[in-house]
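Participant: A single structure is presented below for examination.
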Amino acid sequence: MRAYERLIRYVQVHTASSEDTEKTPTTERQFDLSRLLAKEMEGLGFEGVRVDGNAYVYGFLPATPGCEDKPCIGLIAHLDTIPDFPGENVKPTLVENYDGGVVQLGSSGRTLDPAQFAHLKELVGHTLITTDGTTVLGADDKAGIALILTACERVLEEKIPHGRIAVSFTPDEEVGHGAALLDIPAFGADFAYTVDGEEIDEINFETFNAASAAWELHGFNIHPGSAKDSMINAALVAMEVDSLLPAADRPEHTENYEGFYHLTEMSGNVEKAELHYIIRDHDAASFAARKKTMRHIEKYINEKYGAGTARLTLRDQYRNMAEKVAERMEVVELAEKAIRLEGMEPRRVPIRGGTDGAQLSFRGLPCPNIGTGGYCCHGPQEHASVQKMDTMTGVIVNILRLNAE
C-alpha cells in the first residue's frame with residue numbers, strides 16, 4: 001500500500017484535540033484512530049502492540065538476524081489535529097497531474113493559488129490531496145503516521161536488514177501535551193525521529209525557546225463625568241502594554257532565527273482587561289531578555305498607575321532542542337545520508353515552533369524532525385503531494401537500512 005492511500009483513510013477519522021482540559025487524551029475520539037492503528041500494526045507483523053490508557057500506541061519490529069546489536073530507531077507521529085479549525089467530516093480530494101493553476105476547494109470559495117503559495121510551482125505534475133475547503137486535511141500529522149507504517153511495511157516485504165524499530169503514535173501534540181507521557185524506557189529507542197514536517201529534504205533539530213505571557217490589568221471605573229485624575233481605564237492600559245513592546249518583533253515581521261512577541265488574545269473593559277502572548281526565540285539569552293522586557297513593563301505600569309494594576313504570569317513551555325541534539329549529531333547525519341540517497345541535498349532548517357521531539361530530547365531521547373510532503377497545515381488550504389510522500393517513504397526506509405549497515 002502507498003502512503004497516500006493510508007493518509008486518505010486516516011484523515012476521515014476525527015481526532016481534533018482540545019485546549020479546554022488537562023487530561024490525556026484531551027478528547028476521547030483520539031482513541032478511535034489509536035485502536036485502528038494498533039489493529040493495522042498487528043496485521044503488518046508488529047510485536048508488543050498496545051494502546052495505553054492515554055491513547056498512546058506502541059509497537060516494534062524486532063531486529064533481523066545479525067542486526068540485534070544495532071541501535072534501536074524510534075519513529076513517532078501524532079494522532080491529533082488542531083482544535084481551532086474543523087477536523088470532522090474531512091473529504092479528501094485527489095487533484096491528478098496538477099497543472100500549476102488555481103485549484104478550487106469544493107464549493108467553499110477557497111482556493112489553492114500559486115500567487116499565494118509559491119511552493120505550488122514545484123508540485124506541477126504531482127497528484128495533490130486537498131480538502132473541500134471546509135476542514136483541515138489532517139496531513140499534520142496523519143501523513144507522518146502513513147509514512148511510518150508504509151516504510152515499515154516495505155522493510156518487511158523487501159526483507160531489508162534492520163535493527164529493532166520502535167514505533168509510537170501520540171495524542172495531543174497540537175496542544176503541547178504529546179510527548180509528556182510517552183514511556184521512553186518501554187519505547188526502548190536509542191534515538192528517534194518525529195515525522196511531522198513539510199519539505200522532505202529538510203531536517204529540523206533547532207526549535208524556539210517558548211513561553212506564554214498572561215496579563216491581567218485592573219482599572220478604576222468611575223462615572224466619566226467626574227473621571228478627571230481618577231479613572232484608570234484597564235482596556236487603555238492593555239493597549240499601552242502592547243505599545244511598549246517592539247512593533248518589529250511580531251511574527252508577521254520576522255523569519256528564520258528571529259524571535260517575536262505574539263499577541264494571541266485580548267479582552268477587556270474599563271475595570272479589567274486581559275492580554276495573552278506567546279514569546280519565542282531560538283537564542284537562550286535573547287529569550288531570557290524578552291521575558292525580562294515583559295517584567296520591566298509590568299514594573300513600569302504598576303509604578304505609573306499604582307501597585308496591583310498589572311499582574312503578569314510567565315510560563316516556560318519548551319526549550320530549543322538543539323542543545324541536546326548537538327550531543328548526538330550522528331542522528332542528524334544519518335537522516336541526511338538517507339535524504340541524499342533519494343536524490344536530494346538535505347537542508348538543516350530551524351523550526352519556527354516546537355515539536356514533540358523537543359520535549360523528548362530533553363527527556364533523554366534525541367529526536368530530530370523530518371518531513372512528510374504535507375503543506376499549509378492548520379487551515380483549509382492544507383494539502384499533500386502523493387509523489388513527495390512516496391519519496392519520503394524511501395527516505396525512512398533508507399534510514400532504517402543505513403542504520404543496519
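Each chain in the C-alpha cells gets a letter, A, B and so on, in the order shown; residues start at 1 in every chain, and ligands are counted from 1 in the order they appear.
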List the spatial neighbours of Gly53 in chain A as a VMD selection string - criterion: any atom at most 12 Å away, only C-alpha atoms, same-chain residues fewer than 3 positions off excluded.

Facilitator: chain A and resid 23 to 25 28 30 to 31 34 to 35 50 56 to 58 170 to 171 181 to 183

Participant: List as an MDAnalysis selection string the protein and nucleic acid residues near Tyr300 in chain A, meaning an atom at most 12 Å away when only C-alpha atoms are counted, but skip any in the same chain fewer than 2 places from it.

Facilitator: chainID A and resid 237 240:241 244 293:298 302:311

Participant: Using only C-alpha atoms, which protein or nucleic acid residues come within 6 Å of Glu198 in chain A? Drop anything in the same chain fewer than 5 positions from it, and give the result as a PDB file with N, CA and C atoms, in the first residue's frame.

Facilitator:
ATOM      1  N   GLY A 371      10.461  15.466   7.325  1.00  0.00           N
ATOM      2  CA  GLY A 371       9.277  15.959   6.629  1.00  0.00           C
ATOM      3  C   GLY A 371       8.275  14.898   6.229  1.00  0.00           C
ATOM      4  N   THR A 372       7.150  15.380   5.663  1.00  0.00           N
ATOM      5  CA  THR A 372       6.065  14.483   5.251  1.00  0.00           C
ATOM      6  C   THR A 372       5.582  14.702   3.825  1.00  0.00           C
ATOM      7  N   GLY A 373       5.877  15.862   3.239  1.00  0.00           N
ATOM      8  CA  GLY A 373       5.277  16.184   1.945  1.00  0.00           C
ATOM      9  C   GLY A 373       3.908  16.797   2.076  1.00  0.00           C
ATOM     10  N   GLY A 374       3.547  17.235   3.299  1.00  0.00           N
ATOM     11  CA  GLY A 374       2.306  17.965   3.522  1.00  0.00           C
ATOM     12  C   GLY A 374       2.600  19.451   3.658  1.00  0.00           C
ATOM     13  N   TYR A 375       1.632  20.273   3.299  1.00  0.00           N
ATOM     14  CA  TYR A 375       1.835  21.730   3.265  1.00  0.00           C
ATOM     15  C   TYR A 375       0.625  22.466   3.841  1.00  0.00           C
TER      16      TYR A 375
END

Participant: Under the rule that only C-alpha atoms are counted, which of A:Glu122, A:Asp201, A:Glu19, A:Asp242 is the nearest residue to Ala335 in chain A?

Facilitator: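 Among A:Glu122, A:Asp201, A:Glu19, A:Asp242, it is A:Asp201 that comes nearest to Ala335 in chain A.
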
Participant: Do a neighbour search on Arg315 in chain A at 10 Å with only C-alpha atoms, toss out local chain neighbours closer than 4 positions, and write the hits as an MDAnalysis selection string.

Facilitator: chainID A and resid 210:214 278:279 291

Participant: Keeping C-alpha atoms, export the residues of the selection given above as an mmCIF file, in the first residue's frame.

Facilitator:
data_model
loop_
_atom_site.group_PDB
_atom_site.id
_atom_site.type_symbol
_atom_site.label_atom_id
_atom_site.label_comp_id
_atom_site.auth_asym_id
_atom_site.auth_seq_id
_atom_site.Cartn_x
_atom_site.Cartn_y
_atom_site.Cartn_z
ATOM 1 C CA ALA A 210 8.956 29.172 24.207
ATOM 2 C CA ALA A 211 6.938 30.819 26.958
ATOM 3 C CA SER A 212 3.416 32.134 27.452
ATOM 4 C CA ALA A 213 2.627 35.505 28.993
ATOM 5 C CA ALA A 214 -0.767 36.273 30.534
ATOM 6 C CA ILE A 278 3.399 33.721 23.280
ATOM 7 C CA ILE A 279 7.115 34.553 23.410
ATOM 8 C CA LYS A 291 10.904 37.737 29.367
#

Participant: Using only C-alpha atoms, which protein or nucleic acid residues come within 10 Å of Glu252 in chain A? Drop anything in the same chain fewer than 4 positions from it, and give the result as a PyMOL selection string.

Facilitator: chain A and resi 248+260+262

Participant: Would you write out those residues with N, CA and C atoms, as a JSON list (two decimals), in the first residue's frame?

Facilitator:
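The resulting file, part_13.json, is shown below:
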[["chain", "number", "residue", "atom", "x", "y", "z"],
["A", 248, "ALA", "N", 8.40, 45.77, 15.62],
["A", 248, "ALA", "CA", 9.08, 44.96, 14.60],
["A", 248, "ALA", "C", 9.23, 43.51, 15.03],
["A", 260, "PHE", "N", 10.05, 36.59, 18.51],
["A", 260, "PHE", "CA", 8.91, 37.51, 18.47],
["A", 260, "PHE", "C", 8.10, 37.46, 19.76],
["A", 262, "HIS", "N", 3.97, 37.52, 20.33],
["A", 262, "HIS", "CA", 2.76, 37.34, 19.52],
["A", 262, "HIS", "C", 1.53, 37.47, 20.41]]

Participant: In Å, how far is it from CA of His126 in chain A to CA of Pro380 in chain A?

Facilitator: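 According to the coordinates, CA of His126 in chain A and CA of Pro380 in chain A are separated by 19.6 Å.
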
Participant: Just checking: using only C-alpha atoms, which residue out of A:Gly176, A:Gly197, A:Pro346, A:Pro368 ends up closest to Ala322 in chain A?

Facilitator: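 For Ala322 in chain A, the nearest of the given residues is A:Pro368.
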
Participant: Kindly indicate which residue among A:His162, A:Lys324, A:Lys272, A:Arg340 lies nearest to Ala63 in chain A, using only C-alpha atoms for the distances.

Facilitator: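 The closest residue to Ala63 in chain A is A:His162.
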
Participant: Have a look at CA of Asp356 in chain A and CA of Gly178 in chain A and let me know their distance in Å, one decimal.

Facilitator: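 Interatomic distance here is 6.0 Å.
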
Participant: Quick one: distance from CA of Ala284 in chain A to CA of Asn209 in chain A in Å, one decimal?

Facilitator: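 Separation of CA of Ala284 in chain A and CA of Asn209 in chain A: 6.9 Å.
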
Participant: Which residues come within 12 Å of Phe187 in chain A, counting only C-alpha atoms, excluding same-chain residues fewer than 6 positions away, as a list in words?

Facilitator: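 My list of contacting residues is Gly48, Val49, Arg50, Tyr56, Val57, Tyr58, Gly59, Phe60, Leu61, Cys72, Ile73, Gly74, Leu75, Ile76, Arg164, Ile165, Ala166, Val167, Ser168, Phe169, Leu181, Leu360 and Leu365 of chain A.
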
Participant: Point out the residue among A:Leu217, A:Ala77, A:Leu149, A:Ile301 with the least atom-to-atom distance to Glu271 in chain A, counting only C-alpha atoms.

Facilitator: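 Distance minimum relative to Glu271 in chain A lands on A:Leu217.
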
Participant: Just asking: which residues within range 30-192 of chain A are helix (DSSP H, G or I) according to DSSP, as a PDB file with C-alpha atoms, in the first residue's frame?

Facilitator:
ATOM      1  CA  GLN A  30      -8.330  10.094  19.533  1.00  0.00           C
ATOM      2  CA  PHE A  31      -8.739   6.517  20.768  1.00  0.00           C
ATOM      3  CA  ASP A  32     -10.647   5.748  17.547  1.00  0.00           C
ATOM      4  CA  LEU A  33      -7.514   6.205  15.472  1.00  0.00           C
ATOM      5  CA  SER A  34      -5.292   4.628  18.144  1.00  0.00           C
ATOM      6  CA  ARG A  35      -7.260   1.394  18.007  1.00  0.00           C
ATOM      7  CA  LEU A  36      -7.415   1.394  14.206  1.00  0.00           C
ATOM      8  CA  LEU A  37      -3.642   1.785  14.005  1.00  0.00           C
ATOM      9  CA  ALA A  38      -2.959  -0.877  16.622  1.00  0.00           C
ATOM     10  CA  LYS A  39      -5.026  -3.374  14.645  1.00  0.00           C
ATOM     11  CA  GLU A  40      -3.211  -2.444  11.442  1.00  0.00           C
ATOM     12  CA  MET A  41       0.185  -2.789  13.112  1.00  0.00           C
ATOM     13  CA  GLU A  42      -0.698  -6.263  14.351  1.00  0.00           C
ATOM     14  CA  GLY A  43      -1.688  -7.196  10.797  1.00  0.00           C
ATOM     15  CA  LEU A  44       1.672  -5.991   9.499  1.00  0.00           C
ATOM     16  CA  ALA A 118       4.852  29.820  -4.005  1.00  0.00           C
ATOM     17  CA  HIS A 119       5.766  26.164  -3.407  1.00  0.00           C
ATOM     18  CA  LEU A 120       2.920  25.045  -5.696  1.00  0.00           C
ATOM     19  CA  LYS A 121       5.076  25.727  -8.750  1.00  0.00           C
ATOM     20  CA  GLU A 122       7.339  22.894  -7.587  1.00  0.00           C
ATOM     21  CA  LEU A 123       4.376  20.500  -7.492  1.00  0.00           C
ATOM     22  CA  ALA A 139      -1.848  15.573   6.942  1.00  0.00           C
ATOM     23  CA  ASP A 140      -0.442  17.166  10.094  1.00  0.00           C
ATOM     24  CA  ASP A 141       0.297  14.575  11.238  1.00  0.00           C
ATOM     25  CA  LYS A 142      -1.588  11.658   9.734  1.00  0.00           C
ATOM     26  CA  ALA A 143       0.809  11.869   6.790  1.00  0.00           C
ATOM     27  CA  GLY A 144       3.567  11.077   9.288  1.00  0.00           C
ATOM     28  CA  ILE A 145       1.642   8.055  10.560  1.00  0.00           C
ATOM     29  CA  ALA A 146       1.034   6.851   6.999  1.00  0.00           C
ATOM     30  CA  LEU A 147       4.702   7.237   6.083  1.00  0.00           C
ATOM     31  CA  ILE A 148       5.942   5.332   9.123  1.00  0.00           C
ATOM     32  CA  LEU A 149       3.670   2.342   8.582  1.00  0.00           C
ATOM     33  CA  THR A 150       4.266   2.289   4.819  1.00  0.00           C
ATOM     34  CA  ALA A 151       8.046   2.366   5.310  1.00  0.00           C
ATOM     35  CA  CYS A 152       7.832  -0.432   7.882  1.00  0.00           C
ATOM     36  CA  GLU A 153       5.636  -2.475   5.543  1.00  0.00           C
ATOM     37  CA  ARG A 154       8.167  -2.023   2.755  1.00  0.00           C
ATOM     38  CA  VAL A 155      11.058  -3.069   5.003  1.00  0.00           C
ATOM     39  CA  LEU A 156       9.186  -6.249   5.861  1.00  0.00           C
ATOM     40  CA  GLU A 157       8.073  -7.048   2.314  1.00  0.00           C
ATOM     41  CA  GLU A 173       0.729  17.237  20.138  1.00  0.00           C
ATOM     42  CA  GLU A 174      -1.239  20.230  18.865  1.00  0.00           C
ATOM     43  CA  VAL A 175      -1.972  21.384  22.416  1.00  0.00           C
ATOM     44  CA  ILE A 184      10.627   6.244  26.975  1.00  0.00           C
ATOM     45  CA  PRO A 185      12.018   3.168  28.790  1.00  0.00           C
ATOM     46  CA  ALA A 186       9.240   0.946  27.421  1.00  0.00           C
ATOM     47  CA  PHE A 187       9.617   2.517  23.968  1.00  0.00           C
TER      48      PHE A 187
END

Participant: Between range 80-107 of chain A and range 129-135 of chain A, at 6 Å or less, what are the per-residue closest atom pairs and their distances in Å? Count only C-alpha atoms, order by chain and rising residue number, and return it as JSON lines.

Facilitator:
{"residue": "A:Pro86", "atom": "CA", "partner": "A:Thr135", "partner_atom": "CA", "distance": 4.9}
{"residue": "A:Gly87", "atom": "CA", "partner": "A:Thr135", "partner_atom": "CA", "distance": 5.4}
{"residue": "A:Lys91", "atom": "CA", "partner": "A:Thr131", "partner_atom": "CA", "distance": 5.9}
{"residue": "A:Pro92", "atom": "CA", "partner": "A:Thr131", "partner_atom": "CA", "distance": 5.0}
{"residue": "A:Thr93", "atom": "CA", "partner": "A:Thr130", "partner_atom": "CA", "distance": 5.2}
{"residue": "A:Leu94", "atom": "CA", "partner": "A:Ile129", "partner_atom": "CA", "distance": 4.8}
{"residue": "A:Leu105", "atom": "CA", "partner": "A:Asp132", "partner_atom": "CA", "distance": 4.6}
{"residue": "A:Gly106", "atom": "CA", "partner": "A:Asp132", "partner_atom": "CA", "distance": 4.3}

Participant: Go ahead and dump the residues you just picked, N, CA and C atoms, as a short mmCIF file (atom, residue, chain, number, x, y, z; two decimals), in the first residue's frame.

Facilitator:
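Done, and the output landed in out_30.cif:
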data_model
loop_
_atom_site.label_atom_id
_atom_site.label_comp_id
_atom_site.auth_asym_id
_atom_site.auth_seq_id
_atom_site.Cartn_x
_atom_site.Cartn_y
_atom_site.Cartn_z
N PRO A 86 -12.14 23.13 11.97
CA PRO A 86 -12.83 21.84 11.88
C PRO A 86 -11.96 20.71 11.33
N GLY A 87 -12.04 19.54 12.00
CA GLY A 87 -11.33 18.35 11.55
C GLY A 87 -12.25 17.17 11.37
N LYS A 91 -13.19 15.55 3.67
CA LYS A 91 -13.46 14.98 2.35
C LYS A 91 -12.21 15.15 1.49
N PRO A 92 -11.24 14.22 1.60
CA PRO A 92 -10.02 14.35 0.81
C PRO A 92 -10.31 14.22 -0.68
N THR A 93 -9.66 15.06 -1.46
CA THR A 93 -9.87 15.09 -2.91
C THR A 93 -8.53 14.96 -3.62
N LEU A 94 -8.46 14.12 -4.65
CA LEU A 94 -7.24 13.97 -5.45
C LEU A 94 -7.29 14.90 -6.65
N LEU A 105 -11.34 24.65 -4.06
CA LEU A 105 -11.53 23.68 -2.97
C LEU A 105 -13.02 23.49 -2.74
N GLY A 106 -13.58 22.52 -3.45
CA GLY A 106 -15.00 22.26 -3.37
C GLY A 106 -15.80 23.49 -3.75
#

Participant: Could you write out, as a PDB file with C-alpha atoms, in the first residue's frame, all the residues of range 32-215 of chain A that DSSP marks as strand (DSSP E)?

Facilitator:
ATOM      1  CA  GLU A  47       5.120  -7.166  18.143  1.00  0.00           C
ATOM      2  CA  GLY A  48       4.178  -5.801  21.555  1.00  0.00           C
ATOM      3  CA  VAL A  49       1.369  -3.700  20.095  1.00  0.00           C
ATOM      4  CA  ARG A  50      -0.706  -1.883  22.693  1.00  0.00           C
ATOM      5  CA  VAL A  51      -2.807   1.214  23.256  1.00  0.00           C
ATOM      6  CA  VAL A  57       0.099   3.489  20.554  1.00  0.00           C
ATOM      7  CA  TYR A  58       3.238   1.354  20.903  1.00  0.00           C
ATOM      8  CA  GLY A  59       4.678  -1.461  18.812  1.00  0.00           C
ATOM      9  CA  PHE A  60       8.015  -2.686  17.500  1.00  0.00           C
ATOM     10  CA  LEU A  61       9.619  -4.735  14.786  1.00  0.00           C
ATOM     11  CA  ILE A  73      15.452   3.596  15.943  1.00  0.00           C
ATOM     12  CA  GLY A  74      12.214   5.197  17.111  1.00  0.00           C
ATOM     13  CA  LEU A  75       9.638   6.627  14.702  1.00  0.00           C
ATOM     14  CA  ILE A  76       6.970   8.942  16.120  1.00  0.00           C
ATOM     15  CA  ALA A  77       3.949  10.809  14.731  1.00  0.00           C
ATOM     16  CA  HIS A  78       0.895  12.326  16.369  1.00  0.00           C
ATOM     17  CA  THR A  93      -9.870  15.089  -2.912  1.00  0.00           C
ATOM     18  CA  LEU A  94      -7.242  13.967  -5.446  1.00  0.00           C
ATOM     19  CA  VAL A  95      -6.071  16.548  -7.987  1.00  0.00           C
ATOM     20  CA  VAL A 103      -7.328  24.807  -7.504  1.00  0.00           C
ATOM     21  CA  GLN A 104     -10.908  25.335  -6.331  1.00  0.00           C
ATOM     22  CA  THR A 111      -8.578  28.070  -3.377  1.00  0.00           C
ATOM     23  CA  LEU A 112      -5.012  26.885  -3.649  1.00  0.00           C
ATOM     24  CA  LEU A 128      -2.305  16.631  -4.797  1.00  0.00           C
ATOM     25  CA  ILE A 129      -4.533  15.628  -1.909  1.00  0.00           C
ATOM     26  CA  THR A 130      -6.671  18.588  -0.840  1.00  0.00           C
ATOM     27  CA  ILE A 165      12.331  -0.436  15.097  1.00  0.00           C
ATOM     28  CA  ALA A 166      10.168   1.173  17.774  1.00  0.00           C
ATOM     29  CA  VAL A 167       7.003   2.987  16.706  1.00  0.00           C
ATOM     30  CA  SER A 168       4.719   5.228  18.736  1.00  0.00           C
ATOM     31  CA  PHE A 169       1.749   7.381  17.804  1.00  0.00           C
ATOM     32  CA  THR A 170       0.980  10.068  20.366  1.00  0.00           C
ATOM     33  CA  PHE A 191      17.245   7.754  19.253  1.00  0.00           C
ATOM     34  CA  ALA A 192      14.152   8.698  17.283  1.00  0.00           C
ATOM     35  CA  TYR A 193      12.642  10.899  14.602  1.00  0.00           C
ATOM     36  CA  THR A 194       9.337  12.686  14.649  1.00  0.00           C
ATOM     37  CA  VAL A 195       7.859  12.538  11.136  1.00  0.00           C
ATOM     38  CA  GLU A 202      14.601  19.216   5.470  1.00  0.00           C
ATOM     39  CA  ILE A 203      15.764  18.010   8.841  1.00  0.00           C
ATOM     40  CA  ASN A 204      14.883  20.075  11.902  1.00  0.00           C
ATOM     41  CA  ASN A 209      12.566  28.516  23.255  1.00  0.00           C
ATOM     42  CA  ALA A 210       8.956  29.172  24.207  1.00  0.00           C
ATOM     43  CA  ALA A 211       6.938  30.819  26.958  1.00  0.00           C
ATOM     44  CA  SER A 212       3.416  32.134  27.452  1.00  0.00           C
ATOM     45  CA  ALA A 213       2.627  35.505  28.993  1.00  0.00           C
ATOM     46  CA  ALA A 214      -0.767  36.273  30.534  1.00  0.00           C
ATOM     47  CA  TRP A 215      -1.563  39.822  31.629  1.00  0.00           C
TER      48      TRP A 215
END

Participant: Contacts of Lys388 in chain A at 8 Å or less, counting only C-alpha atoms, minus same-chain residues fewer than 2 places along, as an NGL selection string?

Facilitator: :A and (200 or 372-373 or 384-386 or 390-392)

Participant: For a quick check of understanding, using only C-alpha atoms, which of A:Val270, A:Phe220, A:Gly163, A:Val325 has the smallest distance to Cys67 in chain A?

Facilitator: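 With only C-alpha atoms as the atom set, the closest residue is A:Gly163.
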